[in-house]
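Student: What follows is run_0.txt, compact mmCIF, C-alpha atoms and all ligand atoms.
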```txt
# COMPACT_ATOMS: atom_id res chain seq x y z
CA MET D 1201 87.23 121.94 93.44
CA ALA D 1202 88.65 118.39 93.32
CA LYS D 1203 88.27 116.42 96.53
CA THR D 1204 91.35 116.14 98.73
CA PHE D 1205 92.23 113.79 101.59
CA ASN D 1206 94.11 114.43 104.80
CA VAL D 1207 96.91 111.88 104.98
CA ALA D 1208 99.06 110.77 107.93
CA VAL D 1209 102.29 108.82 107.37
CA ALA D 1210 103.27 106.90 110.52
CA GLY D 1211 106.94 105.92 110.29
CA ALA D 1212 107.63 108.91 108.03
CA THR D 1213 111.36 108.95 108.82
CA GLY D 1214 111.97 105.28 107.92
CA ALA D 1215 113.11 103.60 104.70
CA VAL D 1216 109.51 102.86 103.64
CA GLY D 1217 108.04 106.10 105.08
CA GLN D 1218 110.51 108.30 103.18
CA THR D 1219 109.65 106.54 99.93
CA MET D 1220 105.95 106.76 100.77
CA ILE D 1221 106.28 110.54 100.88
CA ARG D 1222 108.07 110.64 97.50
CA VAL D 1223 105.47 108.29 95.92
CA LEU D 1224 102.56 110.43 97.21
CA GLU D 1225 104.27 113.42 95.55
CA GLU D 1226 105.14 111.64 92.30
CA ARG D 1227 101.65 110.19 91.79
CA ASN D 1228 100.13 113.53 92.73
CA PHE D 1229 97.86 111.94 95.32
CA PRO D 1230 95.14 114.51 96.19
CA VAL D 1231 96.55 115.41 99.62
CA GLY D 1232 94.83 118.11 101.68
CA GLU D 1233 96.80 118.12 104.95
CA ILE D 1234 99.88 115.90 105.30
CA ARG D 1235 100.93 114.76 108.79
CA PHE D 1236 104.24 113.02 109.51
CA LEU D 1237 104.50 110.76 112.58
CA ALA D 1238 107.46 108.85 114.02
CA SER D 1239 109.05 108.08 117.39
CA GLU D 1240 109.93 110.73 119.93
CA ARG D 1241 113.53 110.53 118.60
CA SER D 1242 112.34 112.32 115.46
CA GLU D 1243 109.89 114.74 117.08
CA GLY D 1244 110.37 118.26 115.67
CA LYS D 1245 112.53 117.14 112.75
CA GLU D 1246 111.54 118.85 109.47
CA LEU D 1247 110.69 116.80 106.38
CA SER D 1248 109.62 118.19 103.04
CA PHE D 1249 106.43 117.45 101.16
CA LYS D 1250 106.27 119.14 97.77
CA THR D 1251 107.10 122.78 98.60
CA GLU D 1252 106.04 122.49 102.27
CA LYS D 1253 108.24 121.90 105.32
CA VAL D 1254 106.41 119.65 107.78
CA ARG D 1255 107.45 118.98 111.38
CA VAL D 1256 107.43 115.35 112.50
CA ARG D 1257 105.12 114.65 115.44
CA LYS D 1258 105.32 111.81 117.93
CA LEU D 1259 102.98 108.95 117.02
CA ASP D 1260 100.28 108.75 119.66
CA HIS D 1261 96.68 107.67 120.14
CA ASP D 1262 95.46 111.23 119.46
CA SER D 1263 97.54 111.74 116.28
CA PHE D 1264 94.70 111.13 113.84
CA ASP D 1265 92.04 113.84 114.35
CA GLY D 1266 90.76 114.95 110.95
CA ILE D 1267 92.82 112.35 109.07
CA ASP D 1268 91.13 110.46 106.20
CA ILE D 1269 93.90 107.97 105.33
CA ALA D 1270 96.67 106.86 107.70
CA ILE D 1271 99.52 104.92 106.10
CA PHE D 1272 101.54 102.99 108.68
CA SER D 1273 105.14 101.80 108.30
CA ALA D 1274 106.41 102.12 111.86
CA GLY D 1275 106.69 98.40 112.73
CA GLY D 1276 104.17 95.78 113.77
CA ASP D 1277 103.94 96.73 117.45
CA ARG D 1278 103.09 100.34 116.59
CA SER D 1279 100.47 99.14 114.11
CA LEU D 1280 98.87 96.88 116.72
CA THR D 1281 98.85 99.70 119.28
CA PHE D 1282 97.90 102.73 117.17
CA ALA D 1283 96.05 101.56 114.02
CA PRO D 1284 92.80 100.91 115.99
CA SER D 1285 93.04 104.47 117.40
CA ALA D 1286 93.43 105.86 113.88
CA ALA D 1287 90.43 103.84 112.69
CA LYS D 1288 88.41 104.99 115.72
CA ALA D 1289 89.22 108.60 114.83
CA GLY D 1290 87.66 107.98 111.39
CA ALA D 1291 90.75 107.35 109.28
CA VAL D 1292 91.16 104.33 107.02
CA VAL D 1293 94.49 102.69 107.86
CA VAL D 1294 96.73 101.18 105.17
CA ASP D 1295 99.23 99.15 107.17
CA ASN D 1296 102.61 97.95 105.87
CA SER D 1297 103.45 95.72 108.82
CA ASN D 1298 102.78 92.08 109.48
CA ALA D 1299 100.35 92.91 112.31
CA TRP D 1300 96.96 92.55 110.58
CA ARG D 1301 97.63 90.66 107.35
CA MET D 1302 96.09 87.34 108.31
CA ASP D 1303 93.13 88.77 110.28
CA PRO D 1304 90.11 87.34 108.40
CA GLU D 1305 88.25 90.63 108.85
CA ILE D 1306 91.04 92.70 107.29
CA PRO D 1307 91.61 92.79 103.54
CA LEU D 1308 95.10 92.07 102.19
CA VAL D 1309 95.38 93.90 98.90
CA VAL D 1310 97.56 94.04 95.80
CA PRO D 1311 95.70 96.35 93.41
CA GLU D 1312 96.74 94.39 90.28
CA VAL D 1313 95.41 91.16 91.83
CA ASN D 1314 92.43 91.69 94.18
CA PRO D 1315 91.39 95.39 94.05
CA HIS D 1316 87.78 94.43 94.95
CA ALA D 1317 88.99 93.34 98.41
CA VAL D 1318 89.52 97.01 99.37
CA SER D 1319 85.77 97.24 100.15
CA GLY D 1320 86.43 95.04 103.20
CA TYR D 1321 88.05 98.01 104.96
CA LYS D 1322 84.62 98.82 106.40
CA ALA D 1323 84.85 95.95 108.95
CA LYS D 1324 87.74 97.37 111.02
CA GLY D 1325 88.87 100.49 109.17
CA ILE D 1326 92.17 98.78 108.30
CA ILE D 1327 93.63 97.40 105.06
CA ALA D 1328 96.86 95.40 105.15
CA ASN D 1329 99.66 95.77 102.62
CA PRO D 1330 101.28 92.36 102.00
CA ASN D 1331 104.87 91.36 102.54
CA CYS D 1332 107.23 92.72 99.86
CA SER D 1333 108.28 89.29 98.55
CA THR D 1334 104.66 88.18 98.27
CA ILE D 1335 103.54 91.31 96.41
CA GLN D 1336 105.90 90.93 93.46
CA MET D 1337 105.27 87.19 93.24
CA VAL D 1338 101.46 87.45 93.13
CA VAL D 1339 101.60 90.27 90.56
CA ALA D 1340 103.42 87.81 88.28
CA LEU D 1341 101.29 84.79 89.21
CA LYS D 1342 97.86 86.38 88.69
CA PRO D 1343 97.66 86.46 84.85
CA LEU D 1344 99.05 82.92 84.69
CA TYR D 1345 96.63 81.69 87.35
CA ASP D 1346 93.66 83.12 85.44
CA TYR D 1347 94.72 81.15 82.35
CA ALA D 1348 95.83 77.77 83.73
CA ARG D 1349 95.12 77.72 87.49
CA ILE D 1350 98.01 77.13 89.85
CA LYS D 1351 98.51 74.01 91.94
CA ARG D 1352 101.93 74.57 93.46
CA VAL D 1353 104.65 77.23 93.69
CA VAL D 1354 108.25 76.70 94.78
CA VAL D 1355 110.06 80.02 95.27
CA SER D 1356 113.55 81.05 96.36
CA THR D 1357 114.08 84.71 97.16
CA TYR D 1358 117.18 86.90 96.95
CA GLN D 1359 116.18 89.78 99.20
CA ALA D 1360 117.83 93.19 99.48
CA VAL D 1361 119.02 94.56 102.83
CA SER D 1362 116.66 97.56 102.55
CA GLY D 1363 113.94 95.04 103.46
CA SER D 1364 115.32 95.22 107.01
CA GLY D 1365 115.11 99.03 107.17
CA LYS D 1366 117.58 101.92 107.36
CA LYS D 1367 119.95 100.25 109.84
CA ALA D 1368 120.57 97.31 107.51
CA ILE D 1369 121.43 99.58 104.57
CA VAL D 1370 124.02 101.28 106.79
CA GLU D 1371 125.34 97.89 108.00
CA LEU D 1372 126.06 96.70 104.43
CA GLU D 1373 127.71 100.04 103.54
CA ASP D 1374 129.85 99.93 106.69
CA GLN D 1375 130.91 96.31 106.14
CA VAL D 1376 131.96 96.99 102.54
CA LYS D 1377 133.97 100.05 103.66
CA SER D 1378 135.58 98.12 106.53
CA TRP D 1379 136.50 95.26 104.18
CA ALA D 1380 138.09 97.69 101.67
CA GLU D 1381 140.06 99.35 104.47
CA GLY D 1382 141.19 96.06 106.01
CA ARG D 1383 139.24 96.63 109.25
CA THR D 1384 137.16 94.07 111.22
CA LEU D 1385 133.58 93.79 109.96
CA GLU D 1386 130.84 94.33 112.55
CA SER D 1387 127.40 92.67 112.38
CA LYS D 1388 124.55 94.11 114.45
CA VAL D 1389 121.39 93.82 112.34
CA TYR D 1390 122.09 90.31 110.99
CA PRO D 1391 123.51 87.30 112.88
CA HIS D 1392 126.32 86.98 110.28
CA GLN D 1393 128.30 89.21 107.95
CA ILE D 1394 126.03 90.26 105.05
CA ALA D 1395 128.71 91.78 102.79
CA PHE D 1396 129.88 89.17 100.21
CA ASN D 1397 127.57 86.60 101.81
CA CYS D 1398 124.06 85.06 101.48
CA LEU D 1399 121.99 84.37 104.60
CA PRO D 1400 119.21 81.75 104.31
CA HIS D 1401 117.45 83.34 107.26
CA ILE D 1402 114.85 86.14 107.15
CA ASP D 1403 112.71 86.77 110.23
CA VAL D 1404 112.50 84.10 112.95
CA PHE D 1405 112.61 80.30 112.60
CA LEU D 1406 109.33 78.51 113.30
CA ASP D 1407 108.65 75.01 114.62
CA ASN D 1408 108.21 73.60 111.09
CA GLY D 1409 111.76 74.67 110.11
CA TYR D 1410 110.58 77.45 107.82
CA THR D 1411 111.09 81.10 108.73
CA ARG D 1412 108.20 83.46 109.40
CA GLU D 1413 109.09 85.33 106.18
CA GLU D 1414 108.73 82.07 104.23
CA MET D 1415 105.38 81.28 105.84
CA LYS D 1416 104.17 84.83 105.03
CA MET D 1417 104.66 83.93 101.36
CA VAL D 1418 102.60 80.75 101.84
CA ASN D 1419 99.68 82.25 103.75
CA GLU D 1420 99.50 85.68 102.12
CA THR D 1421 99.58 84.19 98.60
CA ARG D 1422 96.54 82.04 99.40
CA LYS D 1423 94.65 84.97 100.91
CA ILE D 1424 95.38 87.45 98.08
CA MET D 1425 94.75 84.93 95.30
CA GLU D 1426 91.60 83.81 97.15
CA ASP D 1427 92.58 80.16 96.72
CA PRO D 1428 93.37 78.25 99.94
CA GLU D 1429 94.36 75.21 97.86
CA ILE D 1430 97.52 76.71 96.32
CA GLN D 1431 100.59 74.93 97.71
CA VAL D 1432 103.61 77.15 98.29
CA SER D 1433 107.09 76.30 99.53
CA ALA D 1434 109.50 79.21 99.98
CA THR D 1435 113.16 79.68 100.87
CA ALA D 1436 113.93 83.31 101.74
CA VAL D 1437 117.55 84.44 101.44
CA ARG D 1438 119.10 87.82 102.32
CA VAL D 1439 121.72 88.90 99.79
CA PRO D 1440 124.17 91.85 99.76
CA VAL D 1441 122.05 94.02 97.46
CA PHE D 1442 120.75 97.42 98.62
CA TYR D 1443 117.41 97.63 96.79
CA SER D 1444 115.08 95.22 94.92
CA HIS D 1445 114.20 91.64 95.71
CA SER D 1446 114.74 88.91 93.09
CA GLU D 1447 112.86 85.60 93.07
CA ALA D 1448 113.31 82.29 91.24
CA VAL D 1449 109.76 80.97 90.85
CA ASN D 1450 108.75 77.46 89.79
CA VAL D 1451 105.03 76.90 89.19
CA GLU D 1452 102.96 73.79 88.57
CA PHE D 1453 99.69 74.54 86.77
CA GLU D 1454 96.55 72.45 86.37
CA GLN D 1455 96.82 72.82 82.58
CA LYS D 1456 99.66 73.13 80.13
CA ILE D 1457 100.89 76.69 79.53
CA SER D 1458 103.67 77.30 77.03
CA ALA D 1459 106.47 79.77 77.64
CA SER D 1460 105.30 81.89 74.70
CA LYS D 1461 101.72 81.99 76.04
CA ALA D 1462 103.04 82.98 79.48
CA ARG D 1463 105.15 85.72 77.89
CA GLU D 1464 102.08 87.01 76.02
CA LEU D 1465 99.87 87.00 79.16
CA LEU D 1466 102.52 88.64 81.31
CA SER D 1467 103.18 91.33 78.66
CA LYS D 1468 99.53 92.41 78.78
CA ALA D 1469 99.11 92.25 82.56
CA PRO D 1470 98.99 95.42 84.69
CA GLY D 1471 102.12 96.41 86.59
CA ILE D 1472 104.41 93.96 84.75
CA LYS D 1473 107.24 94.44 82.27
CA VAL D 1474 108.58 91.36 80.52
CA VAL D 1475 112.35 91.65 80.28
CA ASP D 1476 113.41 88.50 78.47
CA ASP D 1477 115.81 88.56 75.53
CA LEU D 1478 118.42 85.91 76.10
CA SER D 1479 120.21 86.57 72.81
CA ARG D 1480 121.23 89.99 74.21
CA ASN D 1481 121.70 88.86 77.85
CA VAL D 1482 118.57 90.79 78.80
CA TYR D 1483 116.74 89.64 81.94
CA PRO D 1484 115.46 91.38 85.09
CA LEU D 1485 118.16 92.83 87.32
CA ALA D 1486 117.90 94.30 90.80
CA LEU D 1487 119.74 97.44 89.70
CA ASP D 1488 117.25 97.98 86.85
CA ALA D 1489 114.21 97.47 89.08
CA GLU D 1490 115.46 99.97 91.69
CA GLY D 1491 113.57 103.27 91.82
CA GLN D 1492 110.66 102.27 89.56
CA ASP D 1493 107.30 100.59 90.15
CA LEU D 1494 106.99 97.76 87.65
CA THR D 1495 107.47 94.08 88.47
CA LEU D 1496 110.05 92.75 85.99
CA VAL D 1497 109.66 89.16 84.75
CA GLY D 1498 112.13 87.22 82.63
CA ARG D 1499 113.96 83.90 82.12
CA ILE D 1500 110.48 82.50 81.31
CA ARG D 1501 110.83 78.84 80.35
CA GLU D 1502 108.96 75.54 80.47
CA ASP D 1503 110.00 73.31 83.35
CA ILE D 1504 111.74 70.25 81.90
CA SER D 1505 110.95 68.20 85.02
CA GLN D 1506 107.12 68.27 84.86
CA ALA D 1507 104.31 68.44 82.27
CA ASN D 1508 102.55 71.64 83.33
CA GLY D 1509 105.35 73.71 84.80
CA LEU D 1510 107.03 77.04 84.22
CA ASP D 1511 110.13 78.68 85.67
CA PHE D 1512 110.75 82.42 85.73
CA TRP D 1513 112.67 85.19 87.50
CA VAL D 1514 110.80 88.11 89.12
CA VAL D 1515 112.39 91.35 90.33
CA ALA D 1516 110.82 94.46 91.92
CA ASP D 1517 111.87 97.36 94.10
CA ASN D 1518 110.94 96.11 97.58
CA ILE D 1519 110.57 99.58 99.06
CA ARG D 1520 108.43 100.88 96.20
CA LYS D 1521 106.14 98.15 94.75
CA GLY D 1522 106.92 95.94 97.76
CA ALA D 1523 105.73 98.58 100.22
CA ALA D 1524 105.22 102.32 99.50
CA THR D 1525 103.79 102.21 95.98
CA ASN D 1526 101.44 99.34 96.75
CA ALA D 1527 100.17 101.25 99.80
CA VAL D 1528 99.64 104.44 97.79
CA GLN D 1529 97.84 102.45 95.05
CA ILE D 1530 95.49 101.15 97.78
CA ALA D 1531 94.97 104.73 98.97
CA GLU D 1532 94.15 105.69 95.36
CA LEU D 1533 91.49 102.96 95.18
CA LEU D 1534 90.02 104.21 98.45
CA ALA D 1535 90.01 107.79 97.19
CA GLU D 1536 88.51 106.93 93.79
CA LYS D 1537 85.83 104.47 94.88
CA TYR D 1538 85.14 104.45 98.57
CA LEU D 1539 85.79 107.72 100.46
P1 LIG L 1 112.93 101.65 109.34
O1 LIG L 1 113.70 102.22 108.23
O2 LIG L 1 113.66 101.07 110.50
O3 LIG L 1 111.90 102.77 109.87
C1 LIG L 1 111.08 102.56 111.00
C2 LIG L 1 110.12 103.73 111.18
O4 LIG L 1 109.28 103.46 112.29
C3 LIG L 1 110.83 105.04 111.47
O5 LIG L 1 110.08 106.12 110.94
C4 LIG L 1 110.77 105.09 113.00
O6 LIG L 1 110.83 106.40 113.54
C5 LIG L 1 109.39 104.51 113.24
N1 LIG L 1 109.29 104.03 114.62
C6 LIG L 1 110.09 103.12 115.24
N2 LIG L 1 109.73 103.00 116.54
C7 LIG L 1 108.68 103.84 116.72
C8 LIG L 1 107.87 104.19 117.85
N3 LIG L 1 108.05 103.63 119.06
N4 LIG L 1 106.88 105.11 117.68
C9 LIG L 1 106.70 105.68 116.48
N5 LIG L 1 107.44 105.42 115.37
C10 LIG L 1 108.41 104.50 115.50
O7 LIG L 1 111.97 100.46 108.84
P2 LIG L 1 111.23 100.28 107.40
O8 LIG L 1 112.01 99.38 106.54
O9 LIG L 1 110.80 101.64 106.91
O10 LIG L 1 109.97 99.40 107.83
C11 LIG L 1 108.88 99.94 108.51
C12 LIG L 1 107.71 98.97 108.48
O11 LIG L 1 107.38 98.65 107.13
C13 LIG L 1 107.97 97.63 109.17
O12 LIG L 1 106.77 97.23 109.79
C14 LIG L 1 108.30 96.71 108.04
O13 LIG L 1 107.99 95.37 108.32
C15 LIG L 1 107.38 97.25 106.95
N6 LIG L 1 107.83 96.90 105.59
C16 LIG L 1 109.10 97.14 105.20
C17 LIG L 1 109.47 96.78 103.90
C18 LIG L 1 110.84 97.01 103.40
O14 LIG L 1 111.14 96.48 102.29
N7 LIG L 1 111.69 97.74 104.11
C19 LIG L 1 108.56 96.23 103.04
C20 LIG L 1 107.27 96.01 103.48
C21 LIG L 1 106.92 96.35 104.76
P3 LIG L 1 112.25 107.02 114.08
O15 LIG L 1 113.02 107.41 112.83
O16 LIG L 1 111.80 108.19 114.87
O17 LIG L 1 112.93 105.95 114.85
```
Would you give me this structure, written as structure tokens?
Ligand code: NAP
Tutor:
Amino acid sequence: MAKTFNVAVAGATGAVGQTMIRVLEERNFPVGEIRFLASERSEGKELSFKTEKVRVRKLDHDSFDGIDIAIFSAGGDRSLTFAPSAAKAGAVVVDNSNAWRMDPEIPLVVPEVNPHAVSGYKAKGIIANPNCSTIQMVVALKPLYDYARIKRVVVSTYQAVSGSGKKAIVELEDQVKSWAEGRTLESKVYPHQIAFNCLPHIDVFLDNGYTREEMKMVNETRKIMEDPEIQVSATAVRVPVFYSHSEAVNVEFEQKISASKARELLSKAPGIKVVDDLSRNVYPLALDAEGQDLTLVGRIREDISQANGLDFWVVADNIRKGAATNAVQIAELLAEKYL
């Protein structure tokens, strides 16, 4: 009989957790037992997995007996508190939060970019899933890096509200409804109205004037690409889109790379679909990326302001490739090669 793995999903009721469950089903991950964990608010709630109804349990230190793989998307504090308990109980943790990403003993993995890093799980029993904006950017950068080596990246993001969880999706819906009905718009998740607006502010501001989200893109890119020399400057913007992050990426390479060569390399690279036919107004769109797992790349052009530069536009579903799918791909690597 084929080997199966007992899987716990911590944060099973959240935006990422719900998608995690669907992705495990869709990719037919070899699940033995499935265990759903969330806060005590959700204790006893029934969620479905394939044909099974599964009761949600409260996440606790003793939640992981018999679990082989524990996928966490219950927030950074919960990951800091409970991931070591899961690892101690013998599970390998795949963590979606920011808690462990920059720990030098914990691998930070995008399967299309650095699948070999998974082996580092042995140090602490934890693997970190990168930030959603970083994942889609490095998927697009990797084939170009291998050809012409990257010196510098300047990126501006256009990030969907689902990146802030369930409450933010509801906030945008409510604001649009209130606007249409002539009522006052209420903002609770964001410091300003998000409907019909763009907020150049994701996560907290740091002393250097960047936000923590922007610095995640700097530091995580270097770690995943295994090149501490890459220079990255990011501006992260929240836009009134429900799903899929878009990014305008400008790259300076060590060597010349033509737009047609870049298009050829990107077309062959894993996890990427080139969507780039300007004569028919075809380019990556958030609505087209939603609900699927590929990273869409288009508007590929040579930068007129520098010798070895390219500009392009990258779009991916932040909840799927930016979180759930990437985590399940890591679990697949663990299942195929390590457990
Ligand atoms: P969300 O929709 O707000 O869901 C949060 C989940 O965490 C829910 O299942 C919630 O359970 C659970 N939770 C909250 N407090 C808890 C507690 N004290 N004990 C146990 N469980 C608790 O948020 P999300 O967007 O899914 O994000 C979850 C995590 O994934 C965050 O760390 C986030 O940074 C990360 N992430 C999100 C994205 C994205 O694009 N959204 C991308 C990458 C990574 P209840 O329903 O019971 O409250």
Student: Given the choices D:Glu1381, D:Glu1243, D:Glu1447, D:Glu1490, which gets closest to Ala1340 in chain D if the distance is worked out from all atoms listed in the file?
Tutor: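 Of D:Glu1381, D:Glu1243, D:Glu1447, D:Glu1490, the one nearest Ala1340 in chain D is D:Glu1447, counting all atoms listed in the file.
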Student: Between CA of His1445 in chain D and CA of Asp1517 in chain D, measure the distance and give it in Å to one decimal.
Tutor: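 Going from CA of His1445 in chain D over to CA of Asp1517 in chain D covers 6.4 Å.
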Student: Separation of CA of Tyr1390 in chain D and CA of Lys1366 in chain D, in Å?
Tutor: 13.0 Å
Student: 6 Å from ligand LIG 1 (chain L) is the threshold here; counting only C-alpha atoms and all ligand atoms, which polymer residues fall inside it? Answer as JSON, numbers by chain.
Tutor: {"D": [1211, 1212, 1213, 1214, 1215, 1216, 1217, 1238, 1239, 1240, 1241, 1242, 1259, 1273, 1274, 1275, 1276, 1296, 1297, 1331, 1332, 1362, 1363, 1364, 1365, 1366, 1518, 1519, 1522, 1523]}
Student: Please list as JSON, numbers by chain every residue within 12 Å of range 1223-1233 of chain D, counting all atoms listed in the file and excluding residues in the same chain fewer than 5 positions away.
Tutor: {"D": [1201, 1202, 1203, 1204, 1205, 1206, 1207, 1208, 1209, 1216, 1217, 1218, 1248, 1249, 1250, 1251, 1252, 1254, 1264, 1265, 1266, 1267, 1268, 1269, 1270, 1271, 1491, 1492, 1493, 1519, 1520, 1521, 1523, 1524, 1525, 1526, 1527, 1528, 1529, 1530, 1531, 1532, 1533, 1534, 1535, 1536]}
Student: Can you tell me, as number ranges by chain, which residues sit within 10 Å of (91.4, 106.2, 116.3) in the file's frame, using only C-alpha atoms?
Tutor: D: 1260-1265, 1267, 1282-1293, 1325
Student: For Pro1304 in chain D, please output as an mmCIF file with C-alpha atoms, keeping the file's coordinate frame all residues within 12 Å (counting only C-alpha atoms; exclusion window: fewer than 3 positions along the same chain).
Tutor:
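After the write, out27.cif holds the following:
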```
data_model
loop_
_atom_site.group_PDB
_atom_site.id
_atom_site.type_symbol
_atom_site.label_atom_id
_atom_site.label_comp_id
_atom_site.auth_asym_id
_atom_site.auth_seq_id
_atom_site.Cartn_x
_atom_site.Cartn_y
_atom_site.Cartn_z
ATOM 1 C CA TRP D 1300 96.960 92.550 110.580
ATOM 2 C CA ARG D 1301 97.630 90.660 107.350
ATOM 3 C CA PRO D 1307 91.610 92.790 103.540
ATOM 4 C CA LEU D 1308 95.100 92.070 102.190
ATOM 5 C CA ALA D 1317 88.990 93.340 98.410
ATOM 6 C CA GLY D 1320 86.430 95.040 103.200
ATOM 7 C CA TYR D 1321 88.050 98.010 104.960
ATOM 8 C CA ALA D 1323 84.850 95.950 108.950
ATOM 9 C CA LYS D 1324 87.740 97.370 111.020
ATOM 10 C CA ILE D 1326 92.170 98.780 108.300
ATOM 11 C CA ILE D 1327 93.630 97.400 105.060
ATOM 12 C CA ALA D 1328 96.860 95.400 105.150
ATOM 13 C CA ASN D 1419 99.680 82.250 103.750
ATOM 14 C CA GLU D 1420 99.500 85.680 102.120
ATOM 15 C CA LYS D 1423 94.650 84.970 100.910
ATOM 16 C CA ILE D 1424 95.380 87.450 98.080
ATOM 17 C CA GLU D 1426 91.600 83.810 97.150
#
```
Student: Could you check how far CA of Val1514 in chain D sits from CA of Phe1453 in chain D, in Å to one decimal?
Tutor: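 Going from CA of Val1514 in chain D over to CA of Phe1453 in chain D covers 17.7 Å.
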Student: Go through D:Ala1395, D:Val1449, D:Met1425, D:Val1338 and flag the residue nearest Ala1469 in chain D, using all atoms listed in the file for the distances.
Tutor: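 Checking each of D:Ala1395, D:Val1449, D:Met1425, D:Val1338 against Ala1469 in chain D, counting all atoms listed in the file, the winner is D:Val1338.
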Student: If we count only C-alpha atoms and set the cut-off at 8 Å, which residues sit around Tyr1483 in chain D, ignoring sequence neighbours fewer than 2 positions away in its own chain? Please answer as a list of chain:residue names.
Tutor: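 Everything that qualifies: D:Val1475, D:Asp1476, D:Asp1477, D:Leu1478, D:Asn1481, D:Leu1485, D:Val1497, D:Gly1498, D:Arg1499.
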Student: So which residues fall inside 8 Å of (120.9, 96.1, 95.1) if we count all atoms listed in the file? Mind giving them as an MDAnalysis selection string?
Tutor: chainID D and resid 1360 1440:1444 1486:1487 1490
